[in-house]
$ cat query_2.cif   # mmCIF, C-alpha atoms and all ligand atoms
data_target
#
loop_
_atom_site.label_atom_id
_atom_site.label_comp_id
_atom_site.auth_asym_id
_atom_site.auth_seq_id
_atom_site.Cartn_x
_atom_site.Cartn_y
_atom_site.Cartn_z
CA MET A 1167 89.38 76.92 116.53
CA HIS A 1168 91.90 74.27 117.36
CA GLN A 1169 90.18 71.89 114.98
CA LEU A 1170 90.26 74.47 112.22
CA LEU A 1171 93.95 75.12 112.59
CA VAL A 1172 95.06 71.52 112.82
CA LYS A 1173 96.07 70.40 109.37
CA ASN A 1174 98.14 67.45 108.24
CA GLU A 1175 101.04 69.84 108.11
CA LEU A 1176 101.16 69.96 111.90
CA LEU A 1177 101.60 66.19 112.03
CA GLY A 1178 104.90 66.68 110.26
CA CYS A 1179 106.41 68.53 113.23
CA ILE A 1180 109.24 66.48 114.70
CA GLN A 1181 109.91 68.84 117.62
CA CYS A 1182 113.41 69.57 116.34
CA GLY A 1183 113.19 73.10 117.76
CA ARG A 1184 114.89 74.80 114.80
CA CYS A 1185 112.03 77.29 114.67
CA THR A 1186 112.60 78.37 118.25
CA ALA A 1187 116.38 78.35 117.86
CA GLY A 1188 116.10 80.86 115.00
CA CYS A 1189 113.35 83.00 116.52
CA PRO A 1190 114.65 86.49 117.36
CA VAL A 1191 111.96 87.02 119.97
CA SER A 1192 112.54 83.75 121.81
CA LEU A 1193 116.03 85.09 122.56
CA ARG A 1194 114.54 87.46 125.12
CA THR A 1195 110.98 86.33 125.87
CA ALA A 1196 109.04 83.12 126.57
CA LEU A 1197 107.87 82.83 122.92
CA SER A 1198 108.56 79.34 121.60
CA PRO A 1199 107.22 78.63 118.12
CA ARG A 1200 108.03 74.93 118.64
CA LYS A 1201 105.81 74.84 121.72
CA ILE A 1202 103.01 76.66 119.88
CA ILE A 1203 103.15 74.22 116.95
CA TYR A 1204 103.68 70.98 118.83
CA GLN A 1205 102.05 71.39 122.22
CA ASN A 1206 99.42 74.08 121.72
CA LEU A 1207 98.23 73.19 118.23
CA ARG A 1208 99.23 69.63 117.35
CA GLU A 1209 98.70 68.07 120.78
CA GLN A 1210 95.95 70.59 121.56
CA LYS A 1211 97.03 70.76 125.17
CA LYS A 1212 96.02 74.39 125.76
CA LEU A 1213 95.99 77.71 123.93
CA PRO A 1214 99.29 79.57 123.86
CA LYS A 1215 99.68 82.57 126.11
CA SER A 1216 98.41 85.80 124.61
CA GLN A 1217 101.75 87.51 125.28
CA ASP A 1218 103.51 84.88 123.13
CA ILE A 1219 101.14 85.24 120.20
CA TRP A 1220 101.49 89.01 120.13
CA SER A 1221 105.24 89.13 120.67
CA CYS A 1222 105.91 87.53 117.25
CA THR A 1223 107.34 90.02 114.72
CA THR A 1224 106.26 87.86 111.74
CA CYS A 1225 109.87 87.86 110.56
CA ARG A 1226 109.37 84.38 109.04
CA THR A 1227 112.64 82.87 110.29
CA CYS A 1228 110.81 79.94 111.94
CA GLN A 1229 109.00 79.04 108.73
CA GLN A 1230 112.16 79.37 106.69
CA ARG A 1231 114.11 77.05 108.99
CA CYS A 1232 111.51 74.32 109.50
CA PRO A 1233 112.77 71.12 107.83
CA LYS A 1234 109.23 69.76 107.60
CA GLY A 1235 107.69 72.74 105.83
CA VAL A 1236 105.39 73.74 108.68
CA SER A 1237 103.94 77.24 108.12
CA VAL A 1238 104.83 78.22 111.68
CA MET A 1239 104.34 81.97 111.30
CA ASP A 1240 101.04 81.57 109.45
CA TYR A 1241 99.69 79.50 112.35
CA ILE A 1242 100.68 82.25 114.77
CA ILE A 1243 98.89 84.83 112.61
CA GLY A 1244 95.89 82.46 112.58
CA LEU A 1245 95.91 82.45 116.39
CA ARG A 1246 95.95 86.25 116.32
CA SER A 1247 92.91 86.25 114.03
CA TYR A 1248 91.11 84.09 116.57
CA GLN A 1249 91.90 86.67 119.28
CA VAL A 1250 90.91 89.59 117.03
CA GLU A 1251 87.54 87.96 116.23
CA ARG A 1252 86.86 87.84 119.96
CA GLY A 1253 87.98 91.42 120.52
CA LYS A 1254 90.95 90.28 122.59
CA ILE A 1255 93.45 92.88 121.41
CA GLU A 1256 95.51 95.52 123.15
CA PRO A 1257 93.99 99.04 123.13
CA THR A 1258 97.04 100.38 121.23
CA VAL A 1259 96.45 97.85 118.45
CA ARG A 1260 92.72 98.57 118.41
CA ASP A 1261 93.46 102.31 118.03
CA ALA A 1262 95.87 101.64 115.14
CA LEU A 1263 93.31 99.45 113.34
CA GLU A 1264 90.50 101.96 113.91
CA SER A 1265 92.69 104.76 112.62
CA ILE A 1266 93.34 102.79 109.42
CA LEU A 1267 89.61 102.35 108.97
CA LYS A 1268 88.84 106.03 109.59
CA HIS A 1269 91.88 107.88 108.26
CA GLY A 1270 93.70 105.35 106.05
CA ASN A 1271 96.76 105.27 108.35
CA PRO A 1272 97.61 103.61 111.69
CA TRP A 1273 99.11 106.74 113.25
CA GLY A 1274 95.85 108.57 114.05
CA ARG A 1275 96.71 111.35 111.60
CA ALA A 1276 94.37 113.23 109.28
CA ARG A 1277 94.14 112.11 105.66
CA GLU A 1278 94.56 115.73 104.47
CA LYS A 1279 98.04 115.77 106.01
CA ARG A 1280 99.26 112.79 104.00
CA THR A 1281 101.27 115.01 101.63
CA GLU A 1282 102.86 117.13 104.37
CA TRP A 1283 106.10 115.14 104.02
CA LEU A 1284 106.77 116.82 100.67
CA GLY A 1285 107.96 120.07 102.24
CA ASP A 1286 109.62 122.02 99.42
CA GLU A 1287 110.16 118.94 97.24
CA LYS A 1288 108.19 119.12 94.02
CA VAL A 1289 106.39 115.88 93.17
CA ARG A 1290 103.49 115.49 90.78
CA ILE A 1291 100.25 114.34 92.41
CA LEU A 1292 98.35 112.17 89.98
CA ASN A 1293 94.70 112.96 89.23
CA GLU A 1294 92.29 110.22 88.21
CA GLY A 1295 92.85 109.13 84.61
CA GLU A 1296 96.31 110.70 84.43
CA GLU A 1297 99.43 108.83 83.40
CA THR A 1298 102.95 108.33 84.74
CA ASP A 1299 105.69 105.76 84.28
CA ILE A 1300 106.36 105.12 87.98
CA LEU A 1301 103.85 105.37 90.79
CA LEU A 1302 105.63 106.04 94.08
CA PHE A 1303 103.62 104.50 96.91
CA VAL A 1304 104.77 106.56 99.88
CA GLY A 1305 103.25 104.52 102.74
CA CYS A 1306 101.94 105.67 106.12
CA THR A 1307 105.14 105.92 108.16
CA PRO A 1308 107.17 107.85 105.53
CA ALA A 1309 104.15 110.12 105.01
CA TYR A 1310 103.64 111.00 108.68
CA ASP A 1311 106.65 110.28 110.87
CA PRO A 1312 108.81 113.44 110.98
CA GLU A 1313 112.09 111.49 110.89
CA VAL A 1314 111.04 109.00 108.18
CA GLN A 1315 109.62 111.87 106.11
CA LYS A 1316 113.27 112.79 105.50
CA SER A 1317 113.78 109.44 103.72
CA ALA A 1318 110.71 110.05 101.56
CA ARG A 1319 111.99 113.53 100.63
CA ALA A 1320 115.45 112.12 99.91
CA LEU A 1321 113.99 109.53 97.56
CA ALA A 1322 111.83 112.14 95.80
CA LYS A 1323 114.94 114.32 95.39
CA ILE A 1324 116.93 111.42 93.88
CA LEU A 1325 114.10 110.52 91.48
CA ASN A 1326 113.68 114.17 90.46
CA ARG A 1327 117.41 114.58 89.80
CA ALA A 1328 117.48 111.33 87.81
CA GLU A 1329 114.56 112.76 85.78
CA VAL A 1330 112.35 109.76 86.46
CA ASP A 1331 108.77 110.18 85.28
CA PHE A 1332 107.06 109.52 88.60
CA ALA A 1333 104.09 110.68 90.63
CA ILE A 1334 102.25 109.99 93.89
CA LEU A 1335 98.58 109.59 94.76
CA GLY A 1336 98.66 112.35 97.40
CA THR A 1337 95.80 112.27 99.92
CA ALA A 1338 94.06 109.52 97.93
CA GLU A 1339 96.70 107.03 99.09
CA SER A 1340 95.70 104.66 101.94
CA CYS A 1341 97.42 102.12 104.16
CA CYS A 1342 98.60 99.02 102.28
CA GLY A 1343 97.42 96.73 105.11
CA ASN A 1344 100.58 94.61 105.47
CA GLU A 1345 100.59 95.06 109.24
CA VAL A 1346 96.82 94.66 109.39
CA LYS A 1347 97.15 91.18 107.93
CA ARG A 1348 100.00 90.32 110.31
CA LEU A 1349 97.88 91.49 113.23
CA GLY A 1350 95.25 88.94 112.16
CA GLU A 1351 92.57 91.48 111.10
CA GLU A 1352 91.63 89.62 107.93
CA GLY A 1353 88.34 91.50 107.36
CA LEU A 1354 89.99 94.92 107.36
CA PHE A 1355 92.83 93.61 105.22
CA GLU A 1356 90.43 92.29 102.58
CA MET A 1357 88.63 95.63 102.56
CA LEU A 1358 91.93 97.46 102.00
CA VAL A 1359 92.88 95.08 99.17
CA GLU A 1360 89.58 95.77 97.45
CA GLU A 1361 89.64 99.54 97.93
CA ASN A 1362 93.32 99.99 97.05
CA SER A 1363 93.01 97.78 93.95
CA LYS A 1364 90.04 99.86 92.74
CA LEU A 1365 92.00 103.04 93.47
CA PHE A 1366 95.04 101.90 91.45
CA ASP A 1367 92.71 101.09 88.53
CA LYS A 1368 91.82 104.79 88.27
CA TYR A 1369 95.34 105.78 87.18
CA LYS A 1370 97.65 104.82 84.34
CA PHE A 1371 101.16 103.78 85.30
CA ASN A 1372 103.63 101.08 84.40
CA ARG A 1373 105.25 100.13 87.69
CA MET A 1374 104.99 100.92 91.37
CA ILE A 1375 107.85 101.53 93.79
CA THR A 1376 107.48 101.51 97.55
CA ILE A 1377 109.60 103.01 100.31
CA SER A 1378 108.71 100.33 102.85
CA PRO A 1379 109.47 96.62 102.35
CA HIS A 1380 106.19 95.99 104.19
CA CYS A 1381 104.13 97.75 101.49
CA TYR A 1382 106.27 96.02 98.85
CA ASN A 1383 105.60 92.60 100.36
CA THR A 1384 101.85 92.84 100.49
CA PHE A 1385 101.39 94.51 97.08
CA LYS A 1386 103.75 92.02 95.44
CA ASN A 1387 102.52 88.84 97.08
CA GLU A 1388 99.03 89.34 98.45
CA TYR A 1389 97.07 91.70 96.20
CA GLY A 1390 97.11 89.91 92.84
CA LEU A 1391 97.96 93.17 91.03
CA ASN A 1392 98.57 93.28 87.29
CA PHE A 1393 101.62 95.53 87.41
CA GLU A 1394 105.16 95.11 88.74
CA VAL A 1395 105.98 96.30 92.25
CA LEU A 1396 109.56 97.11 93.26
CA HIS A 1397 111.17 98.13 96.50
CA TYR A 1398 112.92 101.47 96.00
CA THR A 1399 116.38 99.89 96.40
CA GLN A 1400 115.62 97.58 93.46
CA PHE A 1401 114.58 100.55 91.36
CA LEU A 1402 117.64 102.63 92.29
CA LYS A 1403 119.85 99.65 91.48
CA GLU A 1404 118.20 99.51 88.06
CA LEU A 1405 118.90 103.23 87.56
CA LEU A 1406 122.52 102.72 88.63
CA ASP A 1407 123.02 99.84 86.20
CA ALA A 1408 121.50 101.92 83.40
CA GLY A 1409 123.86 104.79 84.21
CA LYS A 1410 120.93 107.05 85.10
CA LEU A 1411 121.86 107.47 88.75
CA GLN A 1412 125.18 109.18 89.31
CA ILE A 1413 126.71 109.11 92.77
CA PRO A 1414 129.72 111.37 92.33
CA GLN A 1415 130.74 111.75 95.95
CA GLU A 1416 131.99 108.78 97.91
CA THR A 1417 131.41 108.60 101.63
CA ALA A 1418 134.38 107.87 103.85
CA GLU A 1419 132.20 106.67 106.68
CA LYS A 1420 132.11 103.02 107.70
CA ILE A 1421 128.74 101.53 106.85
CA VAL A 1422 127.03 98.30 107.90
CA PHE A 1423 123.75 97.22 106.33
CA HIS A 1424 120.86 95.87 108.38
CA ASP A 1425 118.64 93.49 106.34
CA PRO A 1426 114.92 94.23 106.77
CA CYS A 1427 112.97 90.96 107.21
CA PHE A 1428 110.29 91.92 104.70
CA LEU A 1429 112.83 92.56 101.96
CA GLY A 1430 115.31 89.78 102.81
CA LYS A 1431 113.75 86.78 104.54
CA GLN A 1432 110.30 87.35 103.10
CA ASN A 1433 111.28 88.27 99.54
CA ASP A 1434 114.86 87.07 99.05
CA GLU A 1435 116.22 90.49 98.13
CA TYR A 1436 119.60 90.79 99.81
CA ASP A 1437 121.75 92.31 97.07
CA ALA A 1438 120.10 95.47 95.71
CA PRO A 1439 120.68 97.53 98.90
CA ARG A 1440 124.23 96.20 99.23
CA ASP A 1441 125.06 96.93 95.57
CA ILE A 1442 123.94 100.54 96.01
CA LEU A 1443 125.93 100.97 99.22
CA LYS A 1444 129.05 99.51 97.61
CA THR A 1445 128.97 102.23 94.94
CA LEU A 1446 128.88 104.85 97.71
CA LEU A 1447 132.06 103.55 99.31
CA PRO A 1448 135.61 104.05 98.10
CA GLU A 1449 137.24 100.78 96.99
CA LYS A 1450 139.47 100.42 100.04
CA ASN A 1451 136.51 100.86 102.36
CA GLU A 1452 134.49 97.65 102.28
CA LEU A 1453 130.84 97.45 103.25
CA LEU A 1454 130.76 96.00 106.76
CA GLU A 1455 128.60 92.96 107.48
CA PHE A 1456 126.95 91.81 110.69
CA SER A 1457 127.75 88.18 111.55
CA ARG A 1458 123.96 87.70 111.71
CA ASN A 1459 123.16 88.97 108.21
CA ARG A 1460 121.10 88.07 105.13
CA GLU A 1461 118.85 85.03 105.89
CA ARG A 1462 120.34 84.88 109.39
CA SER A 1463 119.74 88.56 110.04
CA LEU A 1464 118.55 89.63 113.48
CA CYS A 1465 115.05 91.08 113.26
CA CYS A 1466 114.70 94.65 114.64
CA GLU A 1467 111.31 93.70 116.18
CA GLY A 1468 109.44 96.44 114.35
CA GLY A 1469 107.29 94.21 112.12
CA GLY A 1470 104.15 92.17 112.62
CA GLY A 1471 102.31 95.05 114.26
CA ARG A 1472 104.94 95.32 116.97
CA MET A 1473 105.19 99.08 116.38
CA TRP A 1474 101.95 99.23 118.37
CA LEU A 1475 102.79 96.65 121.03
CA GLU A 1476 105.35 96.74 123.82
CA VAL A 1477 106.75 93.36 124.82
CA GLU A 1478 107.94 93.10 128.40
CA SER A 1479 111.36 91.60 128.93
CA ASP A 1480 114.39 92.19 131.13
CA SER A 1481 116.77 91.42 128.26
CA PRO A 1482 118.04 94.11 125.88
CA ARG A 1483 115.88 94.64 122.80
CA ASN A 1484 117.17 93.13 119.56
CA ALA A 1485 117.66 96.62 118.11
CA GLU A 1486 119.94 97.41 121.06
CA GLU A 1487 121.89 94.21 120.36
CA ARG A 1488 122.16 95.33 116.76
CA VAL A 1489 123.59 98.72 117.72
CA LYS A 1490 126.06 97.02 120.05
CA ASP A 1491 127.14 94.62 117.25
CA ALA A 1492 127.49 97.54 114.80
CA ARG A 1493 129.70 99.43 117.23
CA THR A 1494 131.87 96.35 117.77
CA LEU A 1495 132.34 96.21 114.00
CA GLY A 1496 133.49 99.84 114.06
CA ALA A 1497 130.56 101.06 111.95
CA GLU A 1498 129.70 104.75 111.93
CA ILE A 1499 126.44 104.34 110.01
CA ILE A 1500 123.84 101.57 110.22
CA ALA A 1501 122.19 101.69 106.80
CA THR A 1502 118.51 100.75 106.65
CA SER A 1503 115.97 100.42 103.87
CA CYS A 1504 112.79 100.13 105.94
CA PRO A 1505 110.96 102.78 107.98
CA PHE A 1506 110.37 100.41 110.92
CA CYS A 1507 114.03 99.31 111.06
CA PHE A 1508 115.00 102.98 110.91
CA LEU A 1509 112.78 103.87 113.86
CA THR A 1510 113.61 100.88 116.10
CA LEU A 1511 117.35 101.19 115.49
CA SER A 1512 117.34 104.99 115.92
CA ASP A 1513 115.59 104.52 119.24
CA ALA A 1514 118.15 101.89 120.24
CA VAL A 1515 120.99 104.30 119.44
CA LYS A 1516 119.45 106.66 122.02
CA THR A 1517 118.72 104.02 124.68
CA THR A 1518 122.27 102.64 124.40
CA LYS A 1519 123.64 106.22 124.60
CA SER A 1520 125.50 105.74 121.33
CA GLU A 1521 124.49 109.03 119.67
CA ASP A 1522 128.05 110.32 119.45
CA LYS A 1523 129.37 107.01 118.06
CA ILE A 1524 126.91 105.83 115.43
CA LYS A 1525 123.93 107.00 113.40
CA VAL A 1526 121.13 105.26 111.56
CA MET A 1527 120.43 106.40 108.01
CA ASP A 1528 118.14 105.13 105.31
CA ILE A 1529 119.97 104.33 102.06
CA CYS A 1530 118.14 107.06 100.14
CA THR A 1531 119.18 109.64 102.74
CA ILE A 1532 122.80 108.49 102.48
CA ILE A 1533 122.66 108.99 98.70
CA ALA A 1534 120.87 112.35 98.90
CA GLU A 1535 123.18 113.68 101.59
CA GLY A 1536 126.22 112.18 99.90
CA GLY A 1537 126.11 114.90 97.29
CA PHE A 1538 124.18 113.19 94.52
S1 LIG B 1601 107.87 84.77 112.66
FE1 LIG B 1601 109.84 85.35 113.60
S2 LIG B 1601 109.25 86.26 115.59
FE2 LIG B 1601 107.48 85.08 114.87
S3 LIG B 1601 107.71 83.08 115.81
FE3 LIG B 1601 108.63 82.96 113.77
S4 LIG B 1601 110.81 83.40 114.10
FE4 LIG B 1601 109.70 84.06 115.96
S1 LIG B 1602 111.19 73.60 112.99
FE1 LIG B 1602 109.32 72.63 112.18
S2 LIG B 1602 109.57 70.47 112.71
FE2 LIG B 1602 111.03 71.57 113.98
S3 LIG B 1602 109.91 72.01 115.89
FE3 LIG B 1602 109.59 73.77 114.59
S4 LIG B 1602 107.66 73.36 113.52
FE4 LIG B 1602 108.38 71.40 114.38
#

$ encode --input "query_2.cif" --output "structure tokens" --more "lines below"
Ligand code: SF4
Ligand code: SF4
Amino acid sequence: MHQLLVKNELLGCIQCGRCTAGCPVSLRTALSPRKIIYQNLREQKKLPKSQDIWSCTTCRTCQQRCPKGVSVMDYIIGLRSYQVERGKIEPTVRDALESILKHGNPWGRAREKRTEWLGDEKVRILNEGEETDILLFVGCTPAYDPEVQKSARALAKILNRAEVDFAILGTAESCCGNEVKRLGEEGLFEMLVEENSKLFDKYKFNRMITISPHCYNTFKNEYGLNFEVLHYTQFLKELLDAGKLQIPQETAEKIVFHDPCFLGKQNDEYDAPRDILKTLLPEKNELLEFSRNRERSLCCEGGGGRMWLEVESDSPRNAEERVKDARTLGAEIIATSCPFCFLTLSDAVKTTKSEDKIKVMDICTIIAEGGF
């Protein structure tokens, strides 16, 4: 395996340590991307510790900061694949992967319940051969998690009120596989790419929007699809600019935006969510910013399959740091645009006993509850 992974690229590593300095996980665990690249892979001293390989959130900061263009994160995912091939994975990850194979979602939930999130919201479910302008890809976590379902309903409500011609695939929708790929399960990922691509071919639509930046990332960059994929914040920004999305009621609350890695660092979209939030705020009430924002944003640790893996550490979790930073800024709302960020930060609000001080809300929920 070592031989397979060693490419000329590794020889470029100058041990500068910028990858480790920027790594959000190395702040509180023994993970050192520099050590993995230089000692474990380039010098082939020994394999990295399993705990280190699996603690990576695949946020991509290391890769982005490397002055020698080393694909640090991709090597770590490669090491995961090596473990997966040998069955060396945590039972919680194995269960999530098996559930995707059997039920099309990692949460162990029945396929028939995939539309339960709709509640009373009326959304057209597309039948094979039917046509729509926008296909809304709901994603597994918004479809099944009771709290994230509220974001999905809020988005459906906004799209309905803006009279967007949109529809969903209902119970035919399956996991996008973004986390599967990050967990190193290449075989299952390729199967999902093939099956999902064939599924999309059965319907007629112009563009797809996703709720999760994780679905957005893989459909946009890894599927080779012949239609445009947008994150929902990009689509809402488009509606705003076209005057099709009215937000009549401003919110007086102080808002700070948390950049999701798979929208920001992985896909360079930093402005669409901010532009929407700015229209929600009165002029005198500026959108608050974390000092670690945009490309320097602190990862919430929910990506890269980490929703199914607990990493042991005595230090506070990054999400808890984030809540602390938000409170120092005087924020009353941490705005998110990713289901995983929403869940990790909401949990951190509870563990830091900050429930009466601050709340976490997805941007679409802020708009829907703001009176639009
Ligand atoms: S992808 Fe992110 S979490 Fe993983 S090693 Fe790189 S910086 Fe650290
Ligand atoms: S940032 Fe790049 S060159 Fe520097 S230690 Fe990490 S992998 Fe090596």

$ closest_residue --input "query_2.cif" --among "A:Arg1440, A:Arg1319, A:Arg1280, A:Lys1525" --to "A:Leu1402" --atoms "all atoms listed in the file"
A:Arg1440

$ residues_around --input "query_2.cif" --residues "A:Pro1272" --least-positions-apart "2" --cutoff "12 Å" --atoms "all atoms listed in the file" --output "JSON, numbers by chain"
{"A": [1258, 1259, 1260, 1261, 1262, 1263, 1264, 1265, 1266, 1267, 1268, 1269, 1270, 1274, 1275, 1276, 1277, 1305, 1306, 1307, 1309, 1310, 1311, 1340, 1341, 1342, 1343, 1344, 1345, 1346, 1471, 1473, 1474]}

$ closest_residue --input "query_2.cif" --among "A:Ala1320, A:Cys1228, A:Ala1196, A:Cys1465" --to "ligand LIG 1601 (chain B)" --atoms "all atoms listed in the file"
A:Cys1228

$ atom_distance --input "query_2.cif" --atom1 "atom CA of A:Arg1483" --atom2 "atom CA of A:Leu1453"
24.8 Å

$ residues_near_ligand --input "query_2.cif" --ligand "ligand LIG 1602 (chain B)" --cutoff "8 Å" --atoms "only C-alpha atoms and all ligand atoms" --output "PyMOL selection string"
chain A and resi 1176+1178-1186+1199-1201+1203-1204+1228-1229+1231-1238

$ residues_near_ligand --input "query_2.cif" --ligand "ligand LIG 1601 (chain B)" --cutoff "9 Å" --atoms "all atoms listed in the file" --output "VMD selection string"
chain A and resid 1185 to 1192 1197 to 1200 1202 1218 to 1231 1238 to 1240 1242 to 1243 1465 1467 1469 to 1470

$ atom_distance --input "query_2.cif" --atom1 "atom CA of A:Arg1194" --atom2 "atom CA of A:Gly1468"
14.9 Å

$ residues_around --input "query_2.cif" --residues "A:His1397" --least-positions-apart "5" --cutoff "6 Å" --atoms "all atoms listed in the file" --output "list in words"
Ile1375, Thr1376 and Tyr1382 of chain A

$ atom_distance --input "query_2.cif" --atom1 "atom CA of A:Leu1302" --atom2 "atom CA of A:Phe1428"
18.3 Å

$ closest_residue --input "query_2.cif" --among "A:Ile1300, A:Ala1485, A:Met1357, A:Ile1334" --to "A:Val1395" --atoms "only C-alpha atoms"
A:Ile1300

$ closest_residue --input "query_2.cif" --among "A:Pro1214, A:Gly1295, A:Gly1430, A:Pro1448" --to "A:Asn1383" --atoms "all atoms listed in the file"
A:Gly1430

$ residues_around --input "query_2.cif" --residues "A:Leu1406" --least-positions-apart "2" --cutoff "12 Å" --atoms "all atoms listed in the file" --output "list in words"
Ile1324, Leu1325, Ala1328, Thr1399, Gln1400, Phe1401, Leu1402, Lys1403, Glu1404, Ala1408, Gly1409, Lys1410, Leu1411, Gln1412, Ile1413, Pro1414, Ala1438, Pro1439, Asp1441, Ile1442, Leu1443, Lys1444, Thr1445, Leu1446 and Ile1533 of chain A

$ residues_around --input "query_2.cif" --residues "stretch 1501-1510 of chain A" --least-positions-apart "4" --cutoff "7 Å" --atoms "all atoms listed in the file" --output "PyMOL selection string"
chain A and resi 1307-1308+1314+1378-1379+1421-1424+1426+1466+1468+1485+1514+1526-1529

$ write_last_selection --input "query_2.cif" --atoms "C-alpha atoms" --output "tab-separated table (two decimals), in the frame of the given file"
chain	number	residue	atom	x	y	z
A	1307	THR	CA	105.14	105.92	108.16
A	1308	PRO	CA	107.17	107.85	105.53
A	1314	VAL	CA	111.04	109.00	108.18
A	1378	SER	CA	108.71	100.33	102.85
A	1379	PRO	CA	109.47	96.62	102.35
A	1421	ILE	CA	128.74	101.53	106.85
A	1422	VAL	CA	127.03	98.30	107.90
A	1423	PHE	CA	123.75	97.22	106.33
A	1424	HIS	CA	120.86	95.87	108.38
A	1426	PRO	CA	114.92	94.23	106.77
A	1466	CYS	CA	114.70	94.65	114.64
A	1468	GLY	CA	109.44	96.44	114.35
A	1485	ALA	CA	117.66	96.62	118.11
A	1514	ALA	CA	118.15	101.89	120.24
A	1526	VAL	CA	121.13	105.26	111.56
A	1527	MET	CA	120.43	106.40	108.01
A	1528	ASP	CA	118.14	105.13	105.31
A	1529	ILE	CA	119.97	104.33	102.06

$ closest_residue --input "query_2.cif" --among "A:Leu1396, A:Glu1313, A:Tyr1248, A:Leu1177" --to "A:Ser1512" --atoms "all atoms listed in the file"
A:Glu1313

$ closest_residue --input "query_2.cif" --among "A:Leu1495, A:Cys1530, A:Leu1405, A:Val1489" --to "A:Thr1518" --atoms "only C-alpha atoms"
A:Val1489
